[in-house]
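Below is the file data-v2.txt, which contains compact mmCIF, C-alpha atoms and all ligand atoms.
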# COMPACT_ATOMS: atom_id res chain seq x y z
CA MET A 99 161.25 2.08 40.56
CA LYS A 100 160.35 -1.58 40.69
CA LYS A 101 161.62 -2.00 37.15
CA ILE A 102 165.04 -0.54 38.01
CA THR A 103 165.42 -2.88 40.98
CA LEU A 104 164.56 -5.88 38.81
CA LEU A 105 167.07 -4.89 36.13
CA PHE A 106 169.75 -4.51 38.77
CA LEU A 107 168.98 -7.97 40.14
CA LEU A 108 169.14 -9.50 36.67
CA LEU A 109 172.51 -7.91 35.96
CA THR A 110 173.84 -9.00 39.32
CA SER A 111 172.79 -12.62 38.87
CA SER A 112 174.26 -12.79 35.36
CA ILE A 113 177.65 -12.00 36.81
CA ILE A 114 177.42 -14.73 39.42
CA SER A 115 176.17 -17.56 37.23
CA ALA A 116 175.60 -18.53 33.62
CA GLN A 117 172.77 -20.62 32.26
CA THR A 118 173.25 -22.98 29.32
CA VAL A 119 170.44 -24.65 27.43
CA VAL A 120 171.71 -28.17 26.80
CA TRP A 121 168.67 -29.40 24.87
CA SER A 122 165.33 -28.04 23.68
CA SER A 123 162.56 -29.17 21.35
CA ASP A 124 159.31 -27.79 19.96
CA SER A 125 158.34 -31.33 18.82
CA GLU A 126 158.83 -30.51 15.13
CA SER A 127 161.64 -33.07 14.80
CA LEU A 128 161.38 -36.28 16.82
CA THR A 129 164.86 -37.59 15.95
CA GLY A 130 166.27 -39.34 19.00
CA TRP A 131 162.90 -39.56 20.81
CA GLY A 132 161.30 -42.85 21.81
CA ALA A 133 157.76 -43.88 22.81
CA SER A 134 156.43 -47.00 24.49
CA ASP A 135 152.85 -48.30 24.76
CA PHE A 136 153.57 -49.81 28.14
CA ASP A 137 149.95 -50.85 28.85
CA GLY A 138 149.85 -52.62 25.47
CA ASP A 139 146.49 -51.31 24.22
CA GLY A 140 147.91 -50.27 20.84
CA ASN A 141 147.76 -46.54 21.62
CA SER A 142 150.90 -44.57 22.37
CA TRP A 143 152.23 -41.03 21.94
CA GLY A 144 151.53 -39.21 18.68
CA THR A 145 151.77 -35.75 17.16
CA LEU A 146 149.01 -33.25 16.61
CA ASN A 147 148.77 -29.90 14.84
CA SER A 148 146.84 -26.68 15.34
CA VAL A 149 146.17 -26.51 19.07
CA GLU A 150 146.97 -22.79 19.40
CA SER A 151 143.56 -22.21 21.06
CA ILE A 152 144.73 -24.32 24.03
CA GLY A 153 147.75 -22.05 24.45
CA PHE A 154 150.50 -23.78 22.48
CA ASN A 155 152.73 -22.13 19.90
CA THR A 156 152.08 -22.77 16.22
CA GLY A 157 153.12 -26.23 15.03
CA THR A 158 153.25 -29.74 16.42
CA VAL A 159 152.58 -30.92 19.97
CA LEU A 160 152.76 -34.46 21.40
CA PHE A 161 149.63 -36.17 22.69
CA SER A 162 148.52 -39.29 24.57
CA GLU A 163 144.90 -40.44 24.94
CA SER A 164 142.85 -41.56 27.94
CA TRP A 165 139.66 -41.71 25.83
CA GLN A 166 139.03 -42.42 22.20
CA GLU A 167 136.13 -41.60 19.96
CA ASN A 168 134.43 -44.62 18.36
CA ASP A 169 130.96 -45.40 16.99
CA THR A 170 129.38 -45.91 20.44
CA GLU A 171 127.76 -43.05 22.28
CA THR A 172 130.22 -43.14 25.18
CA GLY A 173 133.39 -43.72 23.15
CA LEU A 174 136.18 -45.90 24.48
CA ALA A 175 137.74 -45.22 27.88
CA LEU A 176 141.47 -46.06 27.85
CA THR A 177 143.77 -46.75 30.81
CA PRO A 178 147.04 -45.43 29.41
CA ASP A 179 150.55 -46.08 30.59
CA ASN A 180 152.22 -44.38 27.65
CA ARG A 181 155.89 -43.52 28.11
CA LEU A 182 157.80 -40.95 26.12
CA TYR A 183 161.61 -40.74 26.13
CA THR A 184 163.44 -37.56 25.14
CA PRO A 185 166.81 -37.70 23.38
CA THR A 186 169.69 -37.98 25.86
CA PHE A 187 172.15 -35.21 26.66
CA PHE A 188 175.25 -34.69 28.78
CA ILE A 189 175.21 -32.48 31.88
CA PRO A 190 178.71 -31.24 32.77
CA GLU A 191 180.26 -31.85 36.17
CA THR A 192 180.29 -28.08 36.84
CA ALA A 193 176.47 -27.79 36.78
CA THR A 194 175.21 -26.34 40.06
CA SER A 195 171.51 -26.56 39.17
CA ILE A 196 169.65 -28.38 36.39
CA THR A 197 166.12 -27.52 35.19
CA PHE A 198 163.56 -29.29 33.00
CA LYS A 199 160.79 -27.22 31.41
CA MET A 200 157.80 -28.04 29.25
CA LYS A 201 154.33 -26.81 28.37
CA VAL A 202 151.41 -29.07 29.32
CA ALA A 203 147.61 -29.07 28.94
CA ALA A 204 144.52 -31.25 28.89
CA ALA A 205 142.63 -30.86 25.61
CA GLU A 206 139.10 -30.95 27.04
CA PRO A 207 137.48 -28.25 29.24
CA THR A 208 135.31 -30.77 31.16
CA TYR A 209 137.39 -33.97 31.05
CA PHE A 210 140.73 -32.56 32.12
CA ALA A 211 141.93 -34.90 34.90
CA GLU A 212 144.92 -36.26 32.97
CA LYS A 213 147.72 -37.57 35.21
CA TYR A 214 151.36 -37.49 34.18
CA ALA A 215 154.79 -37.83 35.73
CA VAL A 216 158.30 -36.77 34.74
CA TYR A 217 161.35 -38.89 35.54
CA VAL A 218 165.09 -38.50 34.92
CA TYR A 219 167.43 -41.42 34.33
CA ASP A 220 171.12 -42.11 33.75
CA SER A 221 171.26 -43.39 30.17
CA ASN A 222 174.53 -45.28 30.79
CA ASN A 223 173.22 -47.20 33.78
CA SER A 224 170.18 -49.29 32.87
CA GLU A 225 170.20 -50.83 36.38
CA ALA A 226 169.51 -47.53 38.14
CA PRO A 227 165.82 -46.71 38.62
CA ALA A 228 164.50 -43.51 37.06
CA THR A 229 164.09 -40.64 39.54
CA LEU A 230 160.64 -39.07 39.82
CA ILE A 231 160.96 -35.26 39.61
CA HIS A 232 157.34 -34.20 39.06
CA GLN A 233 153.82 -35.56 38.93
CA GLU A 234 150.36 -34.07 38.90
CA THR A 235 146.77 -34.49 37.80
CA LEU A 236 145.66 -31.51 35.72
CA THR A 237 142.87 -29.39 37.20
CA ALA A 238 141.79 -27.48 34.08
CA GLY A 239 141.69 -28.01 30.34
CA GLY A 240 140.64 -26.65 26.98
CA LEU A 241 140.88 -23.03 25.83
CA ASN A 242 144.12 -21.27 26.89
CA SER A 243 144.80 -23.81 29.64
CA ALA A 244 148.35 -24.74 28.56
CA LYS A 245 150.81 -23.97 31.34
CA ASP A 246 154.57 -23.95 31.73
CA ILE A 247 156.17 -26.20 34.30
CA ALA A 248 159.77 -25.90 35.45
CA VAL A 249 161.18 -28.59 37.73
CA ALA A 250 164.62 -29.17 39.20
CA ILE A 251 166.66 -32.19 38.16
CA PRO A 252 168.86 -33.33 41.09
CA THR A 253 172.50 -32.24 40.69
CA SER A 254 173.50 -35.87 41.30
CA PHE A 255 172.83 -36.15 37.53
CA ALA A 256 175.74 -33.79 36.74
CA ASN A 257 178.61 -35.43 34.85
CA LYS A 258 176.13 -37.96 33.39
CA THR A 259 174.36 -38.49 30.09
CA ILE A 260 170.71 -38.34 31.04
CA GLY A 261 167.29 -38.70 29.48
CA VAL A 262 163.84 -37.55 30.58
CA LEU A 263 160.82 -39.88 30.65
CA ILE A 264 157.29 -38.45 30.53
CA ARG A 265 154.57 -40.88 31.52
CA HIS A 266 150.79 -40.50 30.99
CA PHE A 267 149.17 -42.97 33.41
CA ASP A 268 146.81 -43.65 36.32
CA CYS A 269 143.84 -41.86 34.72
CA THR A 270 140.98 -42.88 32.44
CA ASP A 271 138.03 -41.63 30.41
CA GLN A 272 139.27 -38.02 30.04
CA PHE A 273 140.56 -37.11 26.54
CA LEU A 274 144.07 -35.95 25.58
CA LEU A 275 147.20 -34.99 27.45
CA LEU A 276 149.18 -32.50 25.33
CA ILE A 277 152.85 -31.51 25.84
CA ASP A 278 155.35 -29.35 23.94
CA ASP A 279 158.23 -26.83 24.19
CA PHE A 280 160.75 -28.87 26.15
CA GLU A 281 163.99 -27.46 27.52
CA VAL A 282 166.78 -28.72 29.75
CA SER A 283 169.23 -26.15 31.05
CA TYR A 284 171.90 -26.01 33.69
CA THR A 285 173.58 -23.27 35.66
CA THR A 286 177.26 -23.04 36.44
CA THR A 287 178.76 -20.69 38.95
CA LEU A 288 181.41 -18.58 37.30
CA SER A 289 184.89 -17.98 38.57
CA THR A 290 187.82 -16.22 36.89
CA GLU A 291 189.17 -19.56 35.61
CA ASP A 292 185.90 -20.41 33.90
CA ASN A 293 185.74 -20.80 30.18
CA THR A 294 182.32 -19.20 30.03
CA LEU A 295 181.31 -15.62 29.35
CA ASN A 296 178.66 -13.75 31.25
CA ILE A 297 176.73 -12.13 28.45
CA ALA A 298 173.40 -10.86 29.77
CA GLY A 299 171.58 -11.77 26.55
CA VAL A 300 170.82 -10.45 23.11
CA TYR A 301 168.36 -7.79 22.03
CA PRO A 302 165.85 -8.05 20.48
CA ASN A 303 164.97 -11.70 21.02
CA PRO A 304 162.93 -12.85 19.05
CA VAL A 305 164.98 -11.27 16.28
CA LYS A 306 163.98 -10.19 12.77
CA ASP A 307 167.33 -9.04 11.32
CA GLN A 308 169.84 -7.07 13.48
CA VAL A 309 170.57 -8.31 16.98
CA LYS A 310 172.85 -6.78 19.60
CA ILE A 311 174.91 -8.89 22.00
CA GLN A 312 174.73 -7.40 25.49
CA THR A 313 178.30 -7.28 26.73
CA ASN A 314 180.86 -4.55 27.39
CA GLU A 315 183.61 -6.62 25.78
CA ILE A 316 184.29 -6.79 22.03
CA VAL A 317 182.83 -9.89 20.38
CA ASP A 318 185.35 -11.78 18.23
CA ALA A 319 183.12 -14.20 16.37
CA VAL A 320 179.57 -15.53 16.26
CA SER A 321 178.29 -18.82 14.92
CA ILE A 322 174.69 -19.97 14.71
CA THR A 323 173.64 -23.60 15.18
CA ASN A 324 170.19 -25.06 14.70
CA GLN A 325 168.43 -27.36 17.18
CA LEU A 326 170.11 -30.41 15.66
CA GLY A 327 173.48 -28.86 16.50
CA GLN A 328 174.31 -28.14 12.84
CA ARG A 329 176.25 -24.94 12.18
CA VAL A 330 174.19 -22.82 9.79
CA LEU A 331 175.95 -19.45 9.87
CA ASP A 332 179.42 -18.09 10.70
CA ILE A 333 179.94 -14.38 11.30
CA LYS A 334 183.51 -13.04 11.35
CA LYS A 335 184.78 -10.13 13.41
CA THR A 336 184.79 -7.78 10.37
CA SER A 337 181.01 -8.25 10.01
CA ILE A 338 180.32 -7.54 13.71
CA ILE A 339 179.81 -3.82 14.22
CA ASP A 340 179.15 -2.45 17.72
CA ASN A 341 178.54 -6.07 18.89
CA THR A 342 175.60 -6.22 16.46
CA VAL A 343 175.13 -8.96 13.86
CA ASP A 344 172.73 -9.38 10.95
CA LEU A 345 170.68 -12.59 11.04
CA SER A 346 168.22 -11.69 8.25
CA VAL A 347 169.38 -14.67 6.13
CA LEU A 348 168.19 -17.23 8.72
CA ASP A 349 164.88 -19.06 8.29
CA LYS A 350 162.31 -18.71 11.07
CA GLY A 351 162.98 -20.99 14.02
CA VAL A 352 164.91 -21.61 17.23
CA TYR A 353 168.71 -21.43 17.15
CA PHE A 354 171.69 -21.17 19.45
CA MET A 355 173.96 -18.19 19.02
CA ASN A 356 177.52 -19.09 20.02
CA VAL A 357 179.38 -15.93 20.98
CA ARG A 358 183.18 -16.01 21.24
CA ILE A 359 185.29 -13.40 23.02
CA GLU A 360 189.00 -14.27 23.07
CA ASP A 361 189.17 -17.92 24.24
CA LYS A 362 185.76 -17.96 25.94
CA SER A 363 182.37 -18.68 24.46
CA GLN A 364 178.73 -18.76 25.45
CA ALA A 365 175.62 -20.12 23.74
CA ILE A 366 172.43 -18.07 23.82
CA LYS A 367 169.07 -19.40 22.67
CA ILE A 368 167.45 -17.13 20.07
CA ILE A 369 164.17 -17.18 18.16
CA LYS A 370 164.25 -15.96 14.55
CA GLN A 371 160.99 -14.46 13.31
CA CA B 401 155.60 -27.45 19.01
CA CA B 402 148.68 -47.33 25.60

Here is the file; what I need is its structure written in the form of structure tokens.
Ligand SMILES: [Ca+2]
Ligand SMILES: [Ca+2]
Amino acid sequence: MKKITLLFLLLTSSIISAQTVVWSSDSESLTGWGASDFDGDGNSWGTLNSVESIGFNTGTVLFSESWQENDTETGLALTPDNRLYTPTFFIPETATSITFKMKVAAAEPTYFAEKYAVYVYDSNNSEAPATLIHQETLTAGGLNSAKDIAVAIPTSFANKTIGVLIRHFDCTDQFLLLIDDFEVSYTTTLSTEDNTLNIAGVYPNPVKDQVKIQTNEIVDAVSITNQLGQRVLDIKKTSIIDNTVDLSVLDKGVYFMNVRIEDKSQAIKIIKQ
């Protein structure tokens, strides 16, 4: 019974609003990113592999240190102010809510008190101060401690090209702050004049080969773009049967599926296995 209610709610909300992922990254490509060693100690953000045991997905994560191993017994306590800048992206004027997500953890089960903050800034206005949207000191670390955070970006950033700044600071003598799986999305409220569809999603997602687009309308075309925005696959109407398309030729990874019905389109994030 609970399940039916939830499904109903999901369907209802998909009719009222549509969510678009404007940018996401699993840290595999750092094109467009920037890092700054603001405290000037020679240590800044870097990449690290194989931290699945902490709760991250396979592949690269980004790290910043508050302690470093050396040949003394106590190691070297650092006082980081390491700043990481995401690529910038445009949020349309029609956005009614904007959300930033990432996965975060401290690497060490005992020395976990890493402090970080997340800011948003207008990339075309260097005079404007960055807006703080989140900060915390982690209260756990090590095995399976990675957690997802989702924070609102003020809608005053709509109709602007914005960037996100992640700062590791105001902590010392712990170990590593780890972050990964970033996403910025926005919601627009649909009206009949909107150029957006209200497709509920695709199934299954993650996808191995065949995937069905969940809409009652007839899909006219599908194109697939990778995370760099490059178009990697075009599927014409004649190859779309019962709103189902074959993605078996795609390599594993994260893509956006752009679904077109008449003159409207919608992008849906998919994971290819
Ligand atoms: Ca990753
Ligand atoms: Ca530093």

Which polymer residues have any atom within 6 Å of an atom of segment 127-135 of chain A, counting all atoms listed in the file, with same-chain residues fewer than 3 positions away left out, as a count of residues only?
8

Counting all atoms listed in the file, the option among A:Gly173, A:Phe267, A:Thr194, A:Ile260 closest to Ala226 of chain A
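Distance minimum relative to Ala226 of chain A lands on A:Ile260.
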
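Residue nearest ligand CA 402 (chain B) within the list A:Leu176, A:Ile231, A:Ala211, A:Ile316: A:Leu176 [criterion: smallest interatomic distance, all atoms listed in the file].
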
Calculate, to one decimal in Å, the centre and edge lengths of the box along x, y and z of the file that holds all listed atoms of segment 173-185 of chain A with 8 Å of margin on each side, and present them as lines of an AutoDock Vina configuration file.
center_x = 150.1
center_y = -42.2
center_z = 27.0
size_x = 49.4
size_y = 25.2
size_z = 23.7

Could you state the separation of atom CA of Lys367 of chain A and atom CA of Leu160 of chain A in Å, given to one decimal place?
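Interatomic distance, atom CA of Lys367 of chain A to atom CA of Leu160 of chain A: 22.2 Å.
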
8 Å contact set for segment 213-215 of chain A, all atoms listed in the file, chain neighbours under 6 positions out, as a PDB file with C-alpha atoms, keeping the file's coordinate frame:
ATOM      1  CA  LEU A 230     160.640 -39.070  39.820  1.00  0.00           C
ATOM      2  CA  ILE A 231     160.960 -35.260  39.610  1.00  0.00           C
ATOM      3  CA  HIS A 232     157.340 -34.200  39.060  1.00  0.00           C
ATOM      4  CA  GLN A 233     153.820 -35.560  38.930  1.00  0.00           C
ATOM      5  CA  GLU A 234     150.360 -34.070  38.900  1.00  0.00           C
ATOM      6  CA  THR A 235     146.770 -34.490  37.800  1.00  0.00           C
ATOM      7  CA  LEU A 236     145.660 -31.510  35.720  1.00  0.00           C
ATOM      8  CA  ILE A 264     157.290 -38.450  30.530  1.00  0.00           C
ATOM      9  CA  ARG A 265     154.570 -40.880  31.520  1.00  0.00           C
ATOM     10  CA  HIS A 266     150.790 -40.500  30.990  1.00  0.00           C
ATOM     11  CA  PHE A 267     149.170 -42.970  33.410  1.00  0.00           C
ATOM     12  CA  ASP A 268     146.810 -43.650  36.320  1.00  0.00           C
ATOM     13  CA  CYS A 269     143.840 -41.860  34.720  1.00  0.00           C
TER      14      CYS A 269
END

Atom CA of Thr342 of chain A and atom CA of Gln117 of chain A are how many Å apart?
21.6 Å

Using all atoms listed in the file, which of A:Pro178, A:Gly240, A:Gly153, A:Gly299 sits nearest ligand CA 401 (chain B)?
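Of A:Pro178, A:Gly240, A:Gly153, A:Gly299, the one nearest ligand CA 401 (chain B), counting all atoms listed in the file, is A:Gly153.
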
Counting all atoms listed in the file, which residue out of A:Thr186, A:Ser123, A:Ser151, A:Thr158 sits closest to ligand CA 401 (chain B)?
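Nearest to ligand CA 401 (chain B): A:Thr158.
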
Point-to-point distance in Å for atom CA of Ser221 of chain A and atom CA of Glu163 of chain A
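Taking atom CA of Glu163 of chain A and atom CA of Ser221 of chain A, their separation equals 27.0 Å.
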
If the limit is 8 Å from any atom of ligand CA 401 (chain B), counting only C-alpha atoms and all ligand atoms, which residues qualify? Return them as a PyMOL selection string.
chain A and resi 123-126+154-160+278-279
